[in-house]
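Colleague: Supplied in structure tokens, the structure appears directly below.
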Amino acid sequence: MPVEFSREAKDRFNRMVTNYPEKRAALLPALHLAQDEFGYISTEAEEYVASLFGLPLAKVREVVSFYTLYHTKPPGKYVIQICRNISCHLRGGGRVIGYLENRLGIENGGTGADGRFTLQEVECLGACEFAPVMQIGENYYGPLTERRIDEILEGLK
């Protein structure tokens, strides 16, 4: 089923592209707009955005698949991103992902059956001083322990 921006989103898109010397430079914010509009970046949304820029679908898919901030399937209400880079790894990041998988009953990359949580390991969250660290929405949490993770999850109820 083809998708299309609402009138308001089309207006935002048209204003957005005027901020860039080349229209194609607005691809990342346009994908954010699409994700806000549709909830995630489906194949249909990729095709739609590609058509807005006159790009091959493969070029848009490259961007969507590279960045962890774009979701290609409906995410849970809370997207929990866990850093797996060296600082977090050395300070127990592997245990954090294992604990969350067991605690939530979700494998890395998955969403719980109730649609509440999506669990996603990411390359780096850029918060080494808080290692091991996770991000939920706009908030960073760390350094993480099992007890701290439990407190954070309880606070989301």
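Convention: chains lettered A, B, ... in structure tokens order; per-chain residue numbering from 1; ligands numbered from 1 as shown.
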Give the helix (DSSP H, G or I) residues of chain A, as assigned by DSSP on the backbone, as a PyMOL selection string.
Modeller: chain A and resi 7-17+23-38+43-53+57-66+86-90+93-104+128-130+146-155
Colleague: Can you check which residues of chain A DSSP gives as strand (DSSP E or B) on the backbone and send them as a list in words?
Modeller: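 The strand (DSSP E or B) residues within chain A come out as Tyr78, Val79, Ile80, Gln81, Ile82, Cys83, Thr111, Phe117, Thr118, Leu119, Gln120, Glu121, Val122, Met134, Gln135, Ile136, Asn139, Tyr140 and Tyr141 of chain A.
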Colleague: Quick one: residues within 12 Å of Glu62 (chain A), only C-alpha atoms counted, chain neighbours fewer than 4 positions away excluded, as number ranges by chain?
Modeller: A: 27-28, 46, 50, 55-58, 66-68, 70
Colleague: Can you pull out every residue within 10 Å of region 105-113 of chain A, counting only C-alpha atoms, but drop anything in the same chain fewer than 3 positions away, and send it as a ChimeraX atom specification?
Modeller: /A:73-82,97-102,116-122
Colleague: Got time to write the residues from that selection, N, CA and C atoms, as a JSON list (two decimals), in the first residue's frame?
Modeller:
[["chain", "number", "residue", "atom", "x", "y", "z"],
["A", 73, "LYS", "N", 10.75, -1.68, 11.40],
["A", 73, "LYS", "CA", 9.51, -2.34, 11.82],
["A", 73, "LYS", "C", 9.00, -1.58, 13.03],
["A", 74, "PRO", "N", 7.73, -1.71, 13.34],
["A", 74, "PRO", "CA", 7.18, -0.91, 14.44],
["A", 74, "PRO", "C", 7.94, -1.16, 15.75],
["A", 75, "PRO", "N", 8.46, -0.10, 16.35],
["A", 75, "PRO", "CA", 9.18, -0.26, 17.62],
["A", 75, "PRO", "C", 8.21, -0.28, 18.79],
["A", 76, "GLY", "N", 8.71, -0.74, 19.93],
["A", 76, "GLY", "CA", 7.93, -0.69, 21.15],
["A", 76, "GLY", "C", 7.78, 0.74, 21.63],
["A", 77, "LYS", "N", 6.95, 0.91, 22.63],
["A", 77, "LYS", "CA", 6.75, 2.24, 23.21],
["A", 77, "LYS", "C", 8.08, 2.80, 23.70],
["A", 78, "TYR", "N", 8.90, 1.94, 24.29],
["A", 78, "TYR", "CA", 10.23, 2.34, 24.77],
["A", 78, "TYR", "C", 11.28, 1.57, 23.98],
["A", 79, "VAL", "N", 12.15, 2.31, 23.32],
["A", 79, "VAL", "CA", 13.27, 1.69, 22.60],
["A", 79, "VAL", "C", 14.48, 1.83, 23.51],
["A", 80, "ILE", "N", 15.01, 0.68, 23.91],
["A", 80, "ILE", "CA", 16.17, 0.65, 24.79],
["A", 80, "ILE", "C", 17.39, 0.33, 23.94],
["A", 81, "GLN", "N", 18.29, 1.29, 23.85],
["A", 81, "GLN", "CA", 19.52, 1.08, 23.09],
["A", 81, "GLN", "C", 20.67, 0.90, 24.08],
["A", 82, "ILE", "N", 21.43, -0.17, 23.89],
["A", 82, "ILE", "CA", 22.55, -0.48, 24.77],
["A", 82, "ILE", "C", 23.83, -0.37, 23.97],
["A", 97, "ILE", "N", 23.27, -6.30, 28.27],
["A", 97, "ILE", "CA", 22.35, -6.79, 27.23],
["A", 97, "ILE", "C", 21.78, -8.14, 27.63],
["A", 98, "GLY", "N", 22.60, -9.02, 28.19],
["A", 98, "GLY", "CA", 22.11, -10.32, 28.65],
["A", 98, "GLY", "C", 21.06, -10.19, 29.73],
["A", 99, "TYR", "N", 21.30, -9.30, 30.68],
["A", 99, "TYR", "CA", 20.34, -9.08, 31.76],
["A", 99, "TYR", "C", 19.02, -8.55, 31.22],
["A", 100, "LEU", "N", 19.10, -7.57, 30.32],
["A", 100, "LEU", "CA", 17.87, -7.01, 29.75],
["A", 100, "LEU", "C", 17.11, -8.05, 28.92],
["A", 101, "GLU", "N", 17.82, -8.86, 28.15],
["A", 101, "GLU", "CA", 17.15, -9.91, 27.38],
["A", 101, "GLU", "C", 16.38, -10.84, 28.31],
["A", 102, "ASN", "N", 17.02, -11.26, 29.39],
["A", 102, "ASN", "CA", 16.36, -12.16, 30.35],
["A", 102, "ASN", "C", 15.23, -11.46, 31.09],
["A", 116, "ARG", "N", 5.65, -3.05, 24.39],
["A", 116, "ARG", "CA", 6.15, -2.06, 25.34],
["A", 116, "ARG", "C", 7.61, -1.71, 25.12],
["A", 117, "PHE", "N", 8.47, -2.73, 24.92],
["A", 117, "PHE", "CA", 9.90, -2.50, 24.81],
["A", 117, "PHE", "C", 10.48, -3.07, 23.53],
["A", 118, "THR", "N", 11.41, -2.33, 22.95],
["A", 118, "THR", "CA", 12.27, -2.81, 21.88],
["A", 118, "THR", "C", 13.68, -2.74, 22.43],
["A", 119, "LEU", "N", 14.44, -3.80, 22.21],
["A", 119, "LEU", "CA", 15.80, -3.89, 22.73],
["A", 119, "LEU", "C", 16.77, -3.88, 21.56],
["A", 120, "GLN", "N", 17.75, -2.98, 21.60],
["A", 120, "GLN", "CA", 18.63, -2.82, 20.45],
["A", 120, "GLN", "C", 20.05, -2.48, 20.92],
["A", 121, "GLU", "N", 20.98, -3.34, 20.57],
["A", 121, "GLU", "CA", 22.40, -3.04, 20.81],
["A", 121, "GLU", "C", 22.86, -2.09, 19.71],
["A", 122, "VAL", "N", 23.60, -1.05, 20.08],
["A", 122, "VAL", "CA", 24.09, -0.09, 19.10],
["A", 122, "VAL", "C", 25.60, 0.06, 19.25]]
Colleague: From the options A:Ala45, A:Phe5, A:Val60, A:Phe53, which residue's atoms come nearest to Glu22 (chain A), counting only C-alpha atoms?
Modeller: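 Using only C-alpha atoms, the shortest distance to Glu22 (chain A) belongs to A:Phe53.
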Colleague: Report, in Å to a single decimal, how far apart CA of His71 (chain A) and CA of Ile41 (chain A) are.
Modeller: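 Between CA of Ile41 (chain A) and CA of His71 (chain A) the gap is 5.8 Å.
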Colleague: Counting only C-alpha atoms, which residue out of A:Val3, A:Arg148, A:Cys88, A:Glu154 sits closest to Pro132 (chain A)?
Modeller: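 The closest residue to Pro132 (chain A) is A:Cys88.
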Colleague: Might you pull out every residue within 7 Å of region 128-130 of chain A, with only C-alpha atoms counted and same-chain residues fewer than 2 positions away left off, and present them as a list in words?
Modeller: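 Near neighbours after the sequence-gap exclusion: Ser87, Cys88, Gly126, Pro132, Val133, Gly142 and Pro143 of chain A.
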Colleague: Go ahead and write the selection's residues with N, CA and C atoms as a CSV table (one decimal), in the first residue's frame.
Modeller:
chain,number,residue,atom,x,y,z
A,87,SER,N,34.4,1.0,25.5
A,87,SER,CA,34.3,1.4,26.9
A,87,SER,C,33.2,0.7,27.7
A,88,CYS,N,32.1,0.6,27.0
A,88,CYS,CA,30.9,-0.1,27.7
A,88,CYS,C,31.2,-1.6,27.8
A,126,GLY,N,28.2,7.4,22.7
A,126,GLY,CA,29.0,8.6,22.9
A,126,GLY,C,28.9,9.1,24.3
A,132,PRO,N,28.9,1.1,31.8
A,132,PRO,CA,28.1,0.8,30.6
A,132,PRO,C,26.8,1.7,30.6
A,133,VAL,N,26.4,2.0,29.4
A,133,VAL,CA,25.3,3.0,29.3
A,133,VAL,C,24.2,2.5,28.3
A,142,GLY,N,23.4,5.5,33.1
A,142,GLY,CA,24.6,4.8,33.4
A,142,GLY,C,25.3,5.4,34.5
A,143,PRO,N,26.3,4.8,35.1
A,143,PRO,CA,26.7,3.4,34.8
A,143,PRO,C,25.7,2.5,35.3
Colleague: Smallest atom-to-atom distance to Gln135 (chain A): which of A:Val49, A:Ile152, A:Val17, A:Leu31, using only C-alpha atoms?
Modeller: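 Closest residue, counting only C-alpha atoms: A:Ile152.
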